[in-house]
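Student: Mind having a look at this structure? Questions to follow.
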There are 2 protein chains.
Amino acid sequence: MNVDDMVLVSIDDHVVEPRDMFERHVPARYADAAPRVVDQDGIERWVFQDVVVGSMGLNAVVSWPKEEWGMDPTTFAEMRPGAYDVHERIRDMNRNGVLASMCFPTFAGFSARTFQEARDKDLALTMLRAYNDWHIDEWCTSYPGRFIPLSIAPVWDIDALVDEVHRVARKGCRAVSMPELPHVQGLPSYHSDWWAPFFRAVSDEGVVMCLHIGQGFAAINSPPDAPIDNLIILATQVSALAAQDLLWGPAMRTYPDLKIAWSEAGIGWIPFYLDRCDRHYLNQKWLRRDFGGQLPSEVFREHSLACYVTDPSALKIRHDIGVETIAWECDYPHSDSMWPDAPERVHRELVAAGATDEEIDLITWGNSCRFFGWDPFAVVPRSEATVGRLRALAPDVDTSIVSKHEWRRRYELAHAG
Amino acid sequence: MNVDDMVLVSIDDHVVEPRDMFERHVPARYADAAPRVVDQDGIERWVFQDVVVGSMGLNAVVSWPKEEWGMDPTTFAEMRPGAYDVHERIRDMNRNGVLASMCFPTFAGFSARTFQEARDKDLALTMLRAYNDWHIDEWCTSYPGRFIPLSIAPVWDIDALVDEVHRVARKGCRAVSMPELPHVQGLPSYHSDWWAPFFRAVSDEGVVMCLHIGQGFAAINSPPDAPIDNLIILATQVSALAAQDLLWGPAMRTYPDLKIAWSEAGIGWIPFYLDRCDRHYLNQKWLRRDFGGQLPSEVFREHSLACYVTDPSALKIRHDIGVETIAWECDYPHSDSMWPDAPERVHRELVAAGATDEEIDLITWGNSCRFFGWDPFAVVPRSEATVGRLRALAPDVDTSIVSKHEWRRRYELAHAG
């Protein structure tokens, strides 16, 4: 397979919520209470219930020079517009040969932590629903066939959580972003029966739980003098901790239809973790664990989609992970993204690992689309969906390295007068 | 290579300290203050400074039926004698085809935690030295060529720590068991300069730091309702956290001769961790990290020996770990041990991974012996050191599954009248 013939569906990207996102989705009587972007001494911040919340442009550094990556964008003006503008996003996706994308929130928190921590939970629930309506009905719908919708949910209230799962499912949304390790954010752990109604609801609706890395980092007691490298490098280590609670707790074994995506988790931890699980299960017989006649590794694979940006060694033992379990992702507009050269790099890595054309198709789009029940060619026919055809739509996209200062200059020029 | 032709050096086993271990190694005036084994309602416990310390027979379940594994042995009588009796240990090693063994402590703590937590630190230091003298001069010396000595050290006092490293090195001991993550046991983290004199001392003496799993488990904030499986399965996840502090802190980059053994850590975390380190280093250029013109993965490999019991998937990508970096270990007498069939199982796993004869030799003895500067054939000639030849020395060793009650019966019979 040539680079141009690949189809790419990125199962983990990020949207920086635009400043007007609540305007069309909050009931009129709550309009004044919606989160809003406030300029504080030249820094734009989201404010909700008089508190600064979330992070406006977390890690949205795509196309910046690397020397500028140490600080997140402080205003919309500093960012590449594809971070928050859906029309520019589509142009950037075309330039990167990406047919479709699932976008995680930014200021709202990967699993709605901004709303979980809000004082007035009724108001928070209203705004959370407005977020989902904006995301599903506006962001995703503006370009049919190009976005796989992803909801957030009121994780602090099991009844409201279940209701929201059903509500977004009725809109056709088959994904919900959830905490990796709820016990580190003040909720019952996934071992607890507290989650049973949620697990039932997502199983019934065919909704995938997406566990994005970064949320559970508090599960690691880092040294007080550790550099930032610890956080960035070790974030994926938390995925094995989360897998442990879902595989050895009730979730995966009680709910056969439960589906979990390990978002940005990488895949290299999986063969090691599963070998160890199987050995433990077979060796520590005195614990009498019941996996219904299967091995723990088999149960894990039935429930999992493992998402990676780059993982050259692990791809060589993809059969020990399960080729049907692996899905590529882009991570635009974060620093791990390979925009605009993802196709070349993904192709090179898969070919170096010895992947066949069939395996490349599974990993770059087939597994994601099957897992999320999403037909990639319902709107864009396959012949139009390839890297080569999409790139041909966006020959004029500027792919040069651009300083945040230059972005600001262009933004002010565009918004002047 | 046939099973019988392999040479096996196990770089991680465990000794249950015999009850008389301090008798010949404590200065006369402190004899009464030495730790001693006390019978408390039929349970034998080590007591030091009037406090119950350590764990007498931690996980020493070899040859027990699996249903009995849930409880550690409570008396010496319940254990297979090879756990604490050096003559029986050698017979068990022969039966398992193991030429040589490095034995970690039990009640003393993997990195002398029992002494670190003692009230009277001067007395603790005296007893720690007695432990080392017993281990090196008695346990290891009783069968020349069969044990690679491993010291423990006063980690709470940097000057005494450095002195002890030099003292045991003068006795020919080239290994010291250290904390995985000292910051979780009340010490400065490995990022701190506090450790600099220690890193210099072990580098100068060619002494290997051995970081055994299990010590740093407090680095993971586990759910309060997690089952014991979490502890057993996730213990090896801590090794990547420890590697992070030593690779991205000053240790590996400041001390080119520093050597670290990842004891019982498994090897499957390494390709994933190193891929991620290299990607981080090459991608996050704004951090300006300096690895002296090398990649982080290269620096890690220069300093590391990665020790595994069983790791079938990871062995397939051994070249991404570094074949010279991998060392097999037995873990006798713990539940992870494959005694008495380790040779067959090690051989099967290596052959399934496609290892050549040369690679098998490196992994089963070559790498360990090079790393610890220990000549395996100085006493036992190579022709006598193979699995086949050692097994022929111990045809009468009982390898059947034996209940702790039966061990007790035999013990009482042997010690009667």
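How things are named: the first chain in the structure tokens is A, the next is B, and so on; residues count from 1 in each chain; ligands count from 1 in the order shown.
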Taking only C-alpha atoms into account and nothing else, which residues of chain B lie no more than 7 Å away from chain A? Please answer as an MDAnalysis selection string.

Tutor: chainID B and resid 66:67 69:70 183 189 191 219:221 223 225:226 230 233 244 268:269 271:272 275:277 280 284:286 311 313:314 320

Student: Counting only C-alpha atoms, what is within 9 Å of Lys171 (chain B), bar same-chain residues fewer than 4 positions away, as a ChimeraX atom specification?

Tutor: /B:136-137,166-167

Student: Take the residues from that selection and put them in a file with N, CA, C and O atoms, as a PDB file, in the first residue's frame.

Tutor:
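That gives us part_19.pdb:
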ATOM      1  N   ILE B 136      27.754 -12.778  53.204  1.00  0.00           N
ATOM      2  CA  ILE B 136      28.931 -12.913  52.335  1.00  0.00           C
ATOM      3  C   ILE B 136      29.849 -14.030  52.835  1.00  0.00           C
ATOM      4  O   ILE B 136      30.261 -14.905  52.071  1.00  0.00           O
ATOM      5  N   ASP B 137      30.154 -13.990  54.151  1.00  0.00           N
ATOM      6  CA  ASP B 137      31.196 -14.887  54.689  1.00  0.00           C
ATOM      7  C   ASP B 137      30.655 -16.270  55.058  1.00  0.00           C
ATOM      8  O   ASP B 137      31.443 -17.201  55.213  1.00  0.00           O
ATOM      9  N   HIS B 166      32.043   0.425  50.394  1.00  0.00           N
ATOM     10  CA  HIS B 166      33.482   0.140  50.295  1.00  0.00           C
ATOM     11  C   HIS B 166      33.854  -1.105  51.113  1.00  0.00           C
ATOM     12  O   HIS B 166      34.661  -1.927  50.684  1.00  0.00           O
ATOM     13  N   ARG B 167      33.253  -1.244  52.279  1.00  0.00           N
ATOM     14  CA  ARG B 167      33.581  -2.381  53.145  1.00  0.00           C
ATOM     15  C   ARG B 167      33.206  -3.711  52.485  1.00  0.00           C
ATOM     16  O   ARG B 167      34.013  -4.645  52.445  1.00  0.00           O
TER      17      ARG B 167
END

Student: Write out as a PyMOL selection string the residues lying within 12 Å of Val52 (chain A), counting only C-alpha atoms and excluding same-chain residues fewer than 2 positions away.

Tutor: chain A and resi 35-40+43-50+54-56+107-108+114-115+117-118

Student: Once you have the residues from the selection above, write them out as a compact mmCIF listing (two decimals), in the first residue's frame, restricted to N, CA and C atoms.

Tutor:
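File written: again_25.txt
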# COMPACT_ATOMS: atom_id res chain seq x y z
N PRO A 35 -20.44 29.33 31.12
CA PRO A 35 -19.01 29.64 31.15
C PRO A 35 -18.69 30.65 30.04
N ARG A 36 -17.77 31.56 30.32
CA ARG A 36 -17.41 32.55 29.31
C ARG A 36 -15.91 32.81 29.35
N VAL A 37 -15.41 33.27 28.23
CA VAL A 37 -13.98 33.58 28.13
C VAL A 37 -13.77 35.02 28.56
N VAL A 38 -12.87 35.19 29.53
CA VAL A 38 -12.59 36.51 30.10
C VAL A 38 -11.13 36.85 29.85
N ASP A 39 -10.89 38.09 29.46
CA ASP A 39 -9.51 38.56 29.27
C ASP A 39 -9.00 39.09 30.60
N GLN A 40 -7.99 38.42 31.16
CA GLN A 40 -7.39 38.88 32.42
C GLN A 40 -5.95 39.27 32.14
N ILE A 43 -4.48 37.60 29.18
CA ILE A 43 -4.61 36.14 29.14
C ILE A 43 -6.09 35.79 29.13
N GLU A 44 -6.48 34.98 28.16
CA GLU A 44 -7.89 34.60 28.08
C GLU A 44 -8.12 33.34 28.91
N ARG A 45 -9.17 33.41 29.75
CA ARG A 45 -9.46 32.27 30.62
C ARG A 45 -10.97 32.01 30.60
N TRP A 46 -11.32 30.71 30.70
CA TRP A 46 -12.71 30.35 30.88
C TRP A 46 -13.08 30.55 32.35
N VAL A 47 -14.21 31.20 32.59
CA VAL A 47 -14.70 31.44 33.94
C VAL A 47 -16.11 30.86 34.04
N PHE A 48 -16.38 30.12 35.11
CA PHE A 48 -17.70 29.52 35.34
C PHE A 48 -18.01 29.64 36.83
N GLN A 49 -19.17 30.19 37.13
CA GLN A 49 -19.56 30.41 38.53
C GLN A 49 -18.46 31.19 39.27
N ASP A 50 -17.94 32.21 38.59
CA ASP A 50 -16.93 33.12 39.16
C ASP A 50 -15.58 32.48 39.44
N GLY A 54 -10.66 24.95 34.07
CA GLY A 54 -10.05 24.27 32.94
C GLY A 54 -8.84 25.01 32.42
N SER A 55 -8.45 24.70 31.22
CA SER A 55 -7.28 25.32 30.62
C SER A 55 -7.66 25.66 29.19
N MET A 56 -7.48 26.91 28.82
CA MET A 56 -8.02 27.42 27.57
C MET A 56 -7.43 26.71 26.35
N PHE A 107 -11.14 22.84 27.73
CA PHE A 107 -11.44 23.47 29.03
C PHE A 107 -12.44 22.66 29.84
N ALA A 108 -13.31 21.90 29.15
CA ALA A 108 -14.33 21.14 29.87
C ALA A 108 -13.75 19.98 30.67
N THR A 114 -14.14 19.87 34.84
CA THR A 114 -14.52 21.26 35.09
C THR A 114 -15.92 21.33 35.69
N PHE A 115 -16.82 20.52 35.19
CA PHE A 115 -18.19 20.54 35.70
C PHE A 115 -18.31 19.73 36.99
N GLU A 117 -16.19 19.68 39.29
CA GLU A 117 -15.67 20.48 40.39
C GLU A 117 -16.46 21.76 40.64
N ALA A 118 -17.48 21.99 39.82
CA ALA A 118 -18.25 23.23 39.98
C ALA A 118 -19.10 23.17 41.25

Student: Could you give me, as a PyMOL selection string, the residues within 6 Å of region 16-33 of chain B, counting only C-alpha atoms and dropping anything in the same chain fewer than 3 positions from it?

Tutor: chain B and resi 83-84+106+130

Student: Can I get the selected residues back with all heavy atoms, as a short mmCIF file (atom, residue, chain, number, x, y, z; two decimals), in the first residue's frame?

Tutor:
data_model
loop_
_atom_site.label_atom_id
_atom_site.label_comp_id
_atom_site.auth_asym_id
_atom_site.auth_seq_id
_atom_site.Cartn_x
_atom_site.Cartn_y
_atom_site.Cartn_z
N ALA B 83 14.64 -23.03 51.66
CA ALA B 83 14.44 -21.59 51.84
C ALA B 83 15.50 -21.00 52.74
O ALA B 83 15.95 -19.88 52.51
CB ALA B 83 13.03 -21.33 52.39
N TYR B 84 15.91 -21.74 53.79
CA TYR B 84 16.79 -21.16 54.81
C TYR B 84 18.06 -21.98 55.06
O TYR B 84 19.01 -21.48 55.66
CB TYR B 84 16.04 -20.98 56.13
CG TYR B 84 15.40 -22.26 56.64
CD1 TYR B 84 16.14 -23.18 57.39
CD2 TYR B 84 14.08 -22.56 56.34
CE1 TYR B 84 15.57 -24.38 57.83
CE2 TYR B 84 13.50 -23.75 56.77
CZ TYR B 84 14.25 -24.65 57.52
OH TYR B 84 13.68 -25.83 57.93
N THR B 106 15.12 -11.47 53.38
CA THR B 106 13.69 -11.56 53.69
C THR B 106 13.36 -10.63 54.86
O THR B 106 12.99 -9.49 54.63
CB THR B 106 13.28 -13.02 53.95
OG1 THR B 106 13.59 -13.79 52.78
CG2 THR B 106 11.79 -13.13 54.22
N ALA B 130 26.36 -7.08 60.43
CA ALA B 130 26.37 -8.51 60.77
C ALA B 130 25.61 -9.31 59.69
O ALA B 130 26.03 -10.41 59.31
CB ALA B 130 25.75 -8.73 62.15
#

Student: Near Trp407 (chain B), counting only C-alpha atoms, which residues have an atom at most 8 Å away, once you skip same-chain residues fewer than 2 positions from it, shown as a PyMOL selection string?

Tutor: chain B and resi 77-80+402-405+409-411

Student: Report the residues of region 18-248 of chain A whose backbone DSSP state falls under helix (DSSP H, G or I), written as a PyMOL selection string.

Tutor: chain A and resi 28-33+66-68+76-78+81-83+86-95+113-116+121-140+158-170+182-185+193-205+217-219+228-234+237-248

Student: As a PDB file with all heavy atoms, in the first residue's frame, which residues of region 211-346 of chain B does DSSP assign to strand (DSSP E)?

Tutor:
ATOM      1  N   LEU B 211      17.643  -3.078  42.185  1.00  0.00           N
ATOM      2  CA  LEU B 211      16.353  -2.499  42.583  1.00  0.00           C
ATOM      3  C   LEU B 211      15.273  -3.561  42.443  1.00  0.00           C
ATOM      4  O   LEU B 211      14.772  -3.806  41.338  1.00  0.00           O
ATOM      5  CB  LEU B 211      16.015  -1.293  41.701  1.00  0.00           C
ATOM      6  CG  LEU B 211      17.068  -0.179  41.609  1.00  0.00           C
ATOM      7  CD1 LEU B 211      16.469   1.025  40.904  1.00  0.00           C
ATOM      8  CD2 LEU B 211      17.594   0.220  42.968  1.00  0.00           C
ATOM      9  N   HIS B 212      14.960  -4.195  43.536  1.00  0.00           N
ATOM     10  CA  HIS B 212      13.986  -5.290  43.489  1.00  0.00           C
ATOM     11  C   HIS B 212      12.563  -4.738  43.549  1.00  0.00           C
ATOM     12  O   HIS B 212      12.269  -3.857  44.341  1.00  0.00           O
ATOM     13  CB  HIS B 212      14.224  -6.256  44.650  1.00  0.00           C
ATOM     14  CG  HIS B 212      13.543  -7.569  44.470  1.00  0.00           C
ATOM     15  ND1 HIS B 212      12.177  -7.721  44.581  1.00  0.00           N
ATOM     16  CD2 HIS B 212      14.035  -8.796  44.154  1.00  0.00           C
ATOM     17  CE1 HIS B 212      11.869  -8.983  44.357  1.00  0.00           C
ATOM     18  NE2 HIS B 212      12.965  -9.663  44.089  1.00  0.00           N
ATOM     19  N   LYS B 259      25.907   1.100  37.508  1.00  0.00           N
ATOM     20  CA  LYS B 259      25.226  -0.086  36.987  1.00  0.00           C
ATOM     21  C   LYS B 259      23.993  -0.390  37.841  1.00  0.00           C
ATOM     22  O   LYS B 259      24.074  -0.407  39.067  1.00  0.00           O
ATOM     23  CB  LYS B 259      26.173  -1.287  36.996  1.00  0.00           C
ATOM     24  CG  LYS B 259      27.329  -1.123  36.008  1.00  0.00           C
ATOM     25  CD  LYS B 259      28.099  -2.410  35.823  1.00  0.00           C
ATOM     26  CE  LYS B 259      29.047  -2.673  36.990  1.00  0.00           C
ATOM     27  NZ  LYS B 259      29.956  -3.810  36.705  1.00  0.00           N
ATOM     28  N   ILE B 260      22.901  -0.661  37.160  1.00  0.00           N
ATOM     29  CA  ILE B 260      21.621  -0.876  37.841  1.00  0.00           C
ATOM     30  C   ILE B 260      20.990  -2.166  37.339  1.00  0.00           C
ATOM     31  O   ILE B 260      20.798  -2.340  36.132  1.00  0.00           O
ATOM     32  CB  ILE B 260      20.664   0.308  37.582  1.00  0.00           C
ATOM     33  CG1 ILE B 260      21.306   1.607  38.093  1.00  0.00           C
ATOM     34  CG2 ILE B 260      19.307   0.060  38.245  1.00  0.00           C
ATOM     35  CD1 ILE B 260      20.614   2.866  37.612  1.00  0.00           C
ATOM     36  N   ALA B 261      20.658  -3.060  38.264  1.00  0.00           N
ATOM     37  CA  ALA B 261      19.922  -4.279  37.910  1.00  0.00           C
ATOM     38  C   ALA B 261      18.458  -4.091  38.296  1.00  0.00           C
ATOM     39  O   ALA B 261      18.156  -3.682  39.422  1.00  0.00           O
ATOM     40  CB  ALA B 261      20.505  -5.487  38.631  1.00  0.00           C
ATOM     41  N   TRP B 262      17.573  -4.363  37.355  1.00  0.00           N
ATOM     42  CA  TRP B 262      16.124  -4.250  37.574  1.00  0.00           C
ATOM     43  C   TRP B 262      15.632  -5.631  37.981  1.00  0.00           C
ATOM     44  O   TRP B 262      15.225  -6.428  37.150  1.00  0.00           O
ATOM     45  CB  TRP B 262      15.456  -3.726  36.300  1.00  0.00           C
ATOM     46  CG  TRP B 262      16.079  -2.446  35.839  1.00  0.00           C
ATOM     47  CD1 TRP B 262      17.054  -2.305  34.898  1.00  0.00           C
ATOM     48  CD2 TRP B 262      15.818  -1.135  36.354  1.00  0.00           C
ATOM     49  NE1 TRP B 262      17.412  -0.975  34.794  1.00  0.00           N
ATOM     50  CE2 TRP B 262      16.664  -0.244  35.676  1.00  0.00           C
ATOM     51  CE3 TRP B 262      14.949  -0.636  37.330  1.00  0.00           C
ATOM     52  CZ2 TRP B 262      16.669   1.124  35.945  1.00  0.00           C
ATOM     53  CZ3 TRP B 262      14.953   0.729  37.590  1.00  0.00           C
ATOM     54  CH2 TRP B 262      15.810   1.587  36.900  1.00  0.00           C
ATOM     55  N   SER B 263      15.673  -5.882  39.276  1.00  0.00           N
ATOM     56  CA  SER B 263      15.483  -7.232  39.801  1.00  0.00           C
ATOM     57  C   SER B 263      13.999  -7.594  39.851  1.00  0.00           C
ATOM     58  O   SER B 263      13.215  -6.896  40.483  1.00  0.00           O
ATOM     59  CB  SER B 263      16.110  -7.326  41.193  1.00  0.00           C
ATOM     60  OG  SER B 263      17.468  -6.889  41.140  1.00  0.00           O
ATOM     61  N   SER B 304      22.131  -0.753  32.410  1.00  0.00           N
ATOM     62  CA  SER B 304      21.049  -1.601  32.931  1.00  0.00           C
ATOM     63  C   SER B 304      21.223  -3.085  32.679  1.00  0.00           C
ATOM     64  O   SER B 304      21.734  -3.507  31.635  1.00  0.00           O
ATOM     65  CB  SER B 304      19.722  -1.168  32.287  1.00  0.00           C
ATOM     66  OG  SER B 304      19.334   0.101  32.762  1.00  0.00           O
ATOM     67  N   LEU B 305      20.753  -3.864  33.650  1.00  0.00           N
ATOM     68  CA  LEU B 305      20.521  -5.290  33.470  1.00  0.00           C
ATOM     69  C   LEU B 305      19.069  -5.544  33.850  1.00  0.00           C
ATOM     70  O   LEU B 305      18.648  -5.278  34.973  1.00  0.00           O
ATOM     71  CB  LEU B 305      21.445  -6.116  34.370  1.00  0.00           C
ATOM     72  CG  LEU B 305      21.380  -7.628  34.126  1.00  0.00           C
ATOM     73  CD1 LEU B 305      22.108  -7.992  32.823  1.00  0.00           C
ATOM     74  CD2 LEU B 305      22.018  -8.388  35.296  1.00  0.00           C
ATOM     75  N   ALA B 306      18.293  -6.047  32.894  1.00  0.00           N
ATOM     76  CA  ALA B 306      16.855  -6.216  33.092  1.00  0.00           C
ATOM     77  C   ALA B 306      16.553  -7.686  33.345  1.00  0.00           C
ATOM     78  O   ALA B 306      16.866  -8.538  32.513  1.00  0.00           O
ATOM     79  CB  ALA B 306      16.099  -5.727  31.864  1.00  0.00           C
ATOM     80  N   CYS B 307      15.957  -7.998  34.491  1.00  0.00           N
ATOM     81  CA  CYS B 307      15.857  -9.376  34.960  1.00  0.00           C
ATOM     82  C   CYS B 307      14.408  -9.859  34.923  1.00  0.00           C
ATOM     83  O   CYS B 307      13.514  -9.165  35.401  1.00  0.00           O
ATOM     84  CB  CYS B 307      16.396  -9.462  36.383  1.00  0.00           C
ATOM     85  SG  CYS B 307      17.991  -8.612  36.586  1.00  0.00           S
ATOM     86  N   TYR B 308      14.210 -11.034  34.373  1.00  0.00           N
ATOM     87  CA  TYR B 308      12.847 -11.552  34.201  1.00  0.00           C
ATOM     88  C   TYR B 308      12.764 -13.013  34.620  1.00  0.00           C
ATOM     89  O   TYR B 308      13.734 -13.757  34.529  1.00  0.00           O
ATOM     90  CB  TYR B 308      12.407 -11.407  32.733  1.00  0.00           C
ATOM     91  CG  TYR B 308      12.956 -12.512  31.852  1.00  0.00           C
ATOM     92  CD1 TYR B 308      12.158 -13.589  31.478  1.00  0.00           C
ATOM     93  CD2 TYR B 308      14.286 -12.498  31.432  1.00  0.00           C
ATOM     94  CE1 TYR B 308      12.665 -14.633  30.701  1.00  0.00           C
ATOM     95  CE2 TYR B 308      14.797 -13.525  30.659  1.00  0.00           C
ATOM     96  CZ  TYR B 308      13.983 -14.590  30.297  1.00  0.00           C
ATOM     97  OH  TYR B 308      14.502 -15.618  29.545  1.00  0.00           O
ATOM     98  N   ILE B 326      19.472  -8.306  28.970  1.00  0.00           N
ATOM     99  CA  ILE B 326      18.449  -9.190  29.539  1.00  0.00           C
ATOM    100  C   ILE B 326      19.085 -10.328  30.338  1.00  0.00           C
ATOM    101  O   ILE B 326      20.049 -10.943  29.883  1.00  0.00           O
ATOM    102  CB  ILE B 326      17.578  -9.777  28.399  1.00  0.00           C
ATOM    103  CG1 ILE B 326      16.952  -8.638  27.583  1.00  0.00           C
ATOM    104  CG2 ILE B 326      16.510 -10.707  28.951  1.00  0.00           C
ATOM    105  CD1 ILE B 326      16.246  -9.106  26.316  1.00  0.00           C
ATOM    106  N   ALA B 327      18.532 -10.603  31.505  1.00  0.00           N
ATOM    107  CA  ALA B 327      19.043 -11.702  32.334  1.00  0.00           C
ATOM    108  C   ALA B 327      17.882 -12.462  32.961  1.00  0.00           C
ATOM    109  O   ALA B 327      16.969 -11.870  33.531  1.00  0.00           O
ATOM    110  CB  ALA B 327      19.961 -11.167  33.430  1.00  0.00           C
ATOM    111  N   TRP B 328      17.977 -13.774  32.882  1.00  0.00           N
ATOM    112  CA  TRP B 328      16.957 -14.599  33.499  1.00  0.00           C
ATOM    113  C   TRP B 328      17.170 -14.700  35.008  1.00  0.00           C
ATOM    114  O   TRP B 328      18.285 -14.555  35.508  1.00  0.00           O
ATOM    115  CB  TRP B 328      16.977 -16.011  32.882  1.00  0.00           C
ATOM    116  CG  TRP B 328      16.035 -16.936  33.588  1.00  0.00           C
ATOM    117  CD1 TRP B 328      14.684 -16.965  33.467  1.00  0.00           C
ATOM    118  CD2 TRP B 328      16.391 -17.925  34.557  1.00  0.00           C
ATOM    119  NE1 TRP B 328      14.163 -17.930  34.312  1.00  0.00           N
ATOM    120  CE2 TRP B 328      15.186 -18.530  34.990  1.00  0.00           C
ATOM    121  CE3 TRP B 328      17.602 -18.360  35.105  1.00  0.00           C
ATOM    122  CZ2 TRP B 328      15.169 -19.544  35.937  1.00  0.00           C
ATOM    123  CZ3 TRP B 328      17.586 -19.361  36.056  1.00  0.00           C
ATOM    124  CH2 TRP B 328      16.368 -19.953  36.461  1.00  0.00           C
TER     125      TRP B 328
END

Student: Taking 4 positions as the minimum chain separation for residues in the same chain, which residues sit within 8 Å of Arg129 (chain B) when counting only C-alpha atoms? Answer as a VMD selection string.

Tutor: chain B and resid 125 133 164

Student: Kindly export the residues of the current selection with N, CA, C and O atoms, as a JSON list (two decimals), in the first residue's frame.

Tutor:
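See result.json below for the written result:
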[["chain", "number", "residue", "atom", "x", "y", "z"],
["B", 125, "LEU", "N", 22.86, -0.28, 62.52],
["B", 125, "LEU", "CA", 24.01, -0.37, 61.63],
["B", 125, "LEU", "C", 24.89, -1.57, 61.98],
["B", 125, "LEU", "O", 25.38, -2.29, 61.10],
["B", 133, "ASP", "N", 27.94, -9.62, 56.80],
["B", 133, "ASP", "CA", 29.02, -10.57, 57.08],
["B", 133, "ASP", "C", 28.50, -12.01, 57.03],
["B", 133, "ASP", "O", 29.15, -12.90, 56.48],
["B", 164, "GLU", "N", 29.83, 1.42, 53.89],
["B", 164, "GLU", "CA", 29.44, 0.01, 53.79],
["B", 164, "GLU", "C", 29.67, -0.51, 52.36],
["B", 164, "GLU", "O", 30.05, -1.67, 52.17]]

Student: Between CA of Leu390 (chain A) and CA of Met93 (chain A), what is the distance, to one decimal in Å?

Tutor: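 The value is 8.2 Å.
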